[in-house]
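Visitor: Coordinates in final.cif, mmCIF, C-alpha atoms and all ligand atoms, are listed below.
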data_target
loop_
_atom_site.label_atom_id
_atom_site.label_comp_id
_atom_site.auth_asym_id
_atom_site.auth_seq_id
_atom_site.Cartn_x
_atom_site.Cartn_y
_atom_site.Cartn_z
CA MET A 1 105.14 101.01 98.89
CA ALA A 2 106.74 100.25 95.50
CA ASP A 3 109.49 102.84 96.12
CA VAL A 4 110.27 101.48 99.59
CA LEU A 5 110.50 97.91 98.27
CA ALA A 6 112.63 98.83 95.25
CA ALA A 7 114.98 100.95 97.40
CA ASN A 8 115.49 98.18 99.97
CA ILE A 9 116.05 95.49 97.35
CA GLN A 10 118.60 97.78 95.70
CA THR A 11 120.36 98.56 99.00
CA ILE A 12 120.41 95.06 100.47
CA LEU A 13 120.81 92.96 97.32
CA GLY A 14 122.31 95.49 94.89
CA ILE A 15 119.83 94.59 92.14
CA ASN A 16 116.98 96.32 90.36
CA ALA A 17 113.60 94.69 90.66
CA ASP A 18 110.50 95.74 88.82
CA ILE A 19 107.80 96.29 91.44
CA SER A 20 104.22 96.25 90.24
CA ILE A 21 101.34 97.11 92.50
CA ILE A 22 98.39 94.88 91.60
CA THR A 23 95.40 97.11 92.24
CA GLU A 24 92.92 95.39 89.95
CA LYS A 25 91.18 92.39 91.51
CA PRO A 26 92.90 89.27 90.08
CA GLY A 27 89.62 87.54 89.28
CA TYR A 28 91.43 84.80 87.28
CA ALA A 29 93.08 83.65 90.54
CA PHE A 30 89.99 83.75 92.77
CA VAL A 31 89.42 80.59 94.79
CA PRO A 32 85.68 80.11 95.32
CA GLY A 33 84.77 78.94 98.79
CA ARG A 34 87.91 80.37 100.32
CA GLY A 35 87.47 83.98 99.25
CA GLN A 36 91.21 84.11 98.62
CA PHE A 37 93.45 84.30 95.59
CA ASP A 38 95.73 81.57 94.24
CA ALA A 39 99.29 82.90 94.53
CA GLY A 40 100.58 80.48 91.87
CA LYS A 41 98.09 81.75 89.29
CA ILE A 42 99.13 85.34 89.98
CA LEU A 43 102.78 84.33 89.54
CA ARG A 44 102.05 82.73 86.18
CA HIS A 45 100.12 85.82 85.15
CA LEU A 46 103.05 88.07 86.11
CA ALA A 47 105.46 85.83 84.22
CA SER A 48 103.31 86.02 81.07
CA VAL A 49 103.87 89.78 80.83
CA LYS A 50 107.13 90.52 79.01
CA SER A 51 109.68 92.64 80.87
CA GLU A 52 113.27 93.81 80.35
CA VAL A 53 113.96 93.58 84.08
CA PRO A 54 115.06 90.08 85.17
CA LEU A 55 113.32 90.14 88.55
CA ARG A 56 109.71 91.16 89.11
CA LEU A 57 107.77 91.53 92.32
CA GLY A 58 104.01 91.97 92.39
CA VAL A 59 102.38 93.52 95.46
CA THR A 60 98.72 93.03 96.24
CA ALA A 61 96.33 93.80 99.08
CA TYR A 62 94.30 90.65 98.32
CA ASP A 63 94.75 87.62 100.56
CA LEU A 64 96.87 84.90 98.94
CA CYS A 65 96.81 81.14 99.40
CA THR A 66 98.11 78.00 97.74
CA PRO A 67 96.33 74.66 97.32
CA ILE A 68 98.24 73.38 100.40
CA LEU A 69 98.59 76.45 102.64
CA THR A 70 95.66 78.32 104.23
CA PHE A 71 97.44 81.60 103.48
CA VAL A 72 100.82 82.88 102.31
CA TYR A 73 102.48 86.26 102.83
CA GLY A 74 104.31 85.76 99.59
CA GLU A 75 105.06 83.24 96.87
CA SER A 76 107.79 82.81 94.30
CA GLU A 77 109.17 80.27 91.92
CA LEU A 78 112.50 78.89 93.17
CA GLY A 79 115.10 80.18 90.71
CA GLY A 80 112.37 81.90 88.68
CA THR A 81 111.82 85.52 87.72
CA CYS A 82 108.56 86.50 89.43
CA ALA A 83 107.39 86.78 93.01
CA VAL A 84 104.23 88.11 94.61
CA ILE A 85 103.57 89.38 98.12
CA SER A 86 100.38 90.36 99.91
CA ILE A 87 100.01 93.08 102.52
CA ASN A 88 96.61 91.68 103.53
CA ARG A 89 97.77 90.05 106.78
CA ILE A 90 100.72 92.27 107.65
CA ARG A 91 98.98 95.62 108.08
CA HIS A 92 99.79 97.49 111.28
CA ASN A 93 98.45 100.78 112.67
CA THR A 94 101.97 102.16 112.32
CA PRO A 95 102.63 102.37 108.55
CA GLU A 96 106.40 101.98 109.08
CA ILE A 97 105.83 98.52 110.57
CA THR A 98 103.67 97.51 107.59
CA TYR A 99 106.43 98.69 105.24
CA LEU A 100 109.11 96.87 107.22
CA ARG A 101 107.12 93.62 107.08
CA ALA A 102 106.55 94.01 103.33
CA VAL A 103 110.27 94.63 102.79
CA LYS A 104 111.15 91.48 104.74
CA ILE A 105 108.70 89.34 102.76
CA GLY A 106 109.81 90.92 99.49
CA LEU A 107 113.48 90.23 100.20
CA HIS A 108 112.67 86.67 101.30
CA GLU A 109 110.83 85.97 98.04
CA VAL A 110 113.60 87.54 95.96
CA GLY A 111 115.98 85.24 97.87
CA HIS A 112 113.94 82.30 96.53
CA LEU A 113 114.24 83.75 93.01
CA PHE A 114 118.00 83.48 93.53
CA GLY A 115 117.44 79.79 94.23
CA ILE A 116 117.90 80.05 98.00
CA GLY A 117 115.77 77.71 100.11
CA HIS A 118 114.63 78.19 103.69
CA CYS A 119 117.26 78.74 106.35
CA TRP A 120 117.34 77.81 110.05
CA GLU A 121 119.77 80.53 111.13
CA PRO A 122 117.99 82.72 113.74
CA GLY A 123 117.12 86.15 112.35
CA CYS A 124 117.99 85.29 108.74
CA LEU A 125 115.54 86.63 106.17
CA MET A 126 115.32 83.18 104.58
CA GLN A 127 113.69 81.71 107.68
CA TYR A 128 110.16 80.50 107.05
CA SER A 129 107.74 82.84 108.86
CA HIS A 130 104.23 81.56 109.32
CA ASN A 131 103.12 84.28 111.71
CA LEU A 132 103.76 87.97 112.40
CA GLU A 133 105.69 87.25 115.58
CA LYS A 134 108.26 85.27 113.59
CA LEU A 135 108.28 87.82 110.79
CA ASP A 136 108.85 90.74 113.16
CA ALA A 137 111.74 88.91 114.83
CA LEU A 138 113.72 88.68 111.57
CA ASN A 139 116.64 90.98 110.78
CA ILE A 140 116.48 92.94 107.55
CA ASP A 141 119.42 90.93 106.29
CA PHE A 142 120.49 87.47 105.26
CA CYS A 143 122.84 85.31 107.33
CA SER A 144 126.40 84.99 106.01
CA ALA A 145 125.72 81.58 104.40
CA CYS A 146 122.63 82.81 102.50
CA ARG A 147 124.38 86.04 101.54
CA TYR A 148 127.33 84.05 100.18
CA GLU A 149 124.99 81.96 98.02
CA ILE A 150 123.08 85.04 96.84
CA ASN A 151 126.30 86.83 95.82
CA ARG A 152 127.57 83.73 94.04
CA ARG A 153 124.34 83.36 92.06
CA LYS A 154 124.14 87.09 91.40
CA LEU A 155 127.53 86.88 89.66
CA THR A 156 126.28 84.02 87.48
CA LEU A 157 123.14 85.99 86.70
CA MET A 158 125.16 89.08 85.70
CA LYS A 159 127.59 87.02 83.60
CA SER A 160 124.76 85.37 81.70
CA ALA A 161 123.23 88.80 81.06
CA CYS A 162 126.43 89.95 79.29
CA PRO A 163 126.57 89.38 75.52
ZN ZN B 1 109.99 81.07 101.72
ZN ZN B 2 120.27 82.19 106.10
#
Translate this structure into structure tokens?
Ligand SMILES: [Zn+2]
Ligand SMILES: [Zn+2]
Guide:
Amino acid sequence: MADVLAANIQTILGINADISIITEKPGYAFVPGRGQFDAGKILRHLASVKSEVPLRLGVTAYDLCTPILTFVYGESELGGTCAVISINRIRHNTPEITYLRAVKIGLHEVGHLFGIGHCWEPGCLMQYSHNLEKLDALNIDFCSACRYEINRRKLTLMKSACP
């Protein structure tokens, strides 16, 4: 899973992301009564671990939620450095479909890390998907407007990384 995500992020966005598979139960983020895990707490936990890589993506099998949403496929801090996705609700009998869904969510969250908000363009990865039908209908690419913004911000990111 980590390899597939890293390879797709590299191919589609041309950047390296540090993918960490969260296997240990994130007890610090457990939400009693809901049996789920607070995505924001996991993000803060990821951000507290020092890393050389500017973008980090955590992957977990535990079900994620936020105080407002009953569940989330993924969560990220707009313009931040860390994102987290869950494969809990996207599993399919065909592993390739599970991977494809994870890649789409991962790319969407990385898009948010680039400061890109939700997009209304049909098929664009930055569309907000609240169910699998919507998620499956997305292309594995950004629309031209989102891609333009991503490239523009990527340049700024690379410039600021230079001494
Ligand atoms: Zn989003
Ligand atoms: Zn778009």
Visitor: I'd like the contact shell of A:Ala7 - 12 Å cut-off, only C-alpha atoms, skipping same-chain residues fewer than 3 positions apart - returned as a ChimeraX atom specification.
Guide: /A:1-4,10-19,99,103,106-107
Visitor: For the residues selected in the previous step, produce a file with C-alpha atoms as a tab-separated table (two decimals), in the coordinates of the input.
Guide:
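Everything below was put into part-v1.tsv:
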chain	number	residue	atom	x	y	z
A	1	MET	CA	105.14	101.01	98.89
A	2	ALA	CA	106.74	100.25	95.50
A	3	ASP	CA	109.49	102.84	96.12
A	4	VAL	CA	110.27	101.48	99.59
A	10	GLN	CA	118.60	97.78	95.70
A	11	THR	CA	120.36	98.56	99.00
A	12	ILE	CA	120.41	95.06	100.47
A	13	LEU	CA	120.81	92.96	97.32
A	14	GLY	CA	122.31	95.49	94.89
A	15	ILE	CA	119.83	94.59	92.14
A	16	ASN	CA	116.98	96.32	90.36
A	17	ALA	CA	113.60	94.69	90.66
A	18	ASP	CA	110.50	95.74	88.82
A	19	ILE	CA	107.80	96.29	91.44
A	99	TYR	CA	106.43	98.69	105.24
A	103	VAL	CA	110.27	94.63	102.79
A	106	GLY	CA	109.81	90.92	99.49
A	107	LEU	CA	113.48	90.23	100.20
Visitor: Quick one: of A:Tyr62, A:Tyr148, A:Phe114, A:Phe37, who's nearest to A:Ser76, counting all atoms listed in the file?
Guide: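 Answer, going by the shortest atom-to-atom distance: A:Phe114.
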Visitor: Would you mind listing what lies within 7 Å of A:Leu138 as a list in words, with all atoms listed in the file counted and same-chain residues fewer than 6 positions away left out?
Guide: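 Residues near the query, excluding close chain neighbours: Gly123, Cys124 and Leu125 of chain A.
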Visitor: Can those selected residues be exported to a file as a PDB file, in the coordinates of the input so that it contains C-alpha atoms?
Guide:
ATOM      1  CA  GLY A 123     117.120  86.150 112.350  1.00  0.00           C
ATOM      2  CA  CYS A 124     117.990  85.290 108.740  1.00  0.00           C
ATOM      3  CA  LEU A 125     115.540  86.630 106.170  1.00  0.00           C
TER       4      LEU A 125
END
Visitor: Ligand ZN 2 (chain B): which residues are within 12 Å, counting all atoms listed in the file? Reply as a list in words.
Guide: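 Answer in the requested format: His108, Gly111, His112, Ile116, Gly117, His118, Cys119, Trp120, Glu121, Pro122, Gly123, Cys124, Leu125, Met126, Gln127, Tyr128, Leu138, Asn139, Ile140, Asp141, Phe142, Cys143, Ser144, Ala145, Cys146, Arg147, Tyr148, Glu149 and Ile150 of chain A.
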Visitor: From the list A:Leu55, A:Ile90, A:Ile21, A:Ala39, which residue is nearest A:Thr70 when using only C-alpha atoms?
Guide: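 Result for the nearest residue to A:Thr70: A:Ala39.
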Visitor: Tell me which of A:Pro54, A:Gly74, A:Gly33, A:Gly27 sits closest to ligand ZN 1 (chain B), counting all atoms listed in the file.
Guide: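 That would be A:Gly74, the residue with the smallest distance to ligand ZN 1 (chain B).
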Visitor: Might you pull out every residue within 12 Å of A:Ile68, with all atoms listed in the file counted and same-chain residues fewer than 2 positions away left off, and present them as a VMD selection string?
Guide: chain A and resid 38 to 40 64 to 66 70 to 72
Visitor: For ligand ZN 1 (chain B), which residue out of A:Ser129, A:Thr156, A:Asn8, A:Thr60 is the nearest one, using all atoms listed in the file?
Guide: A:Ser129
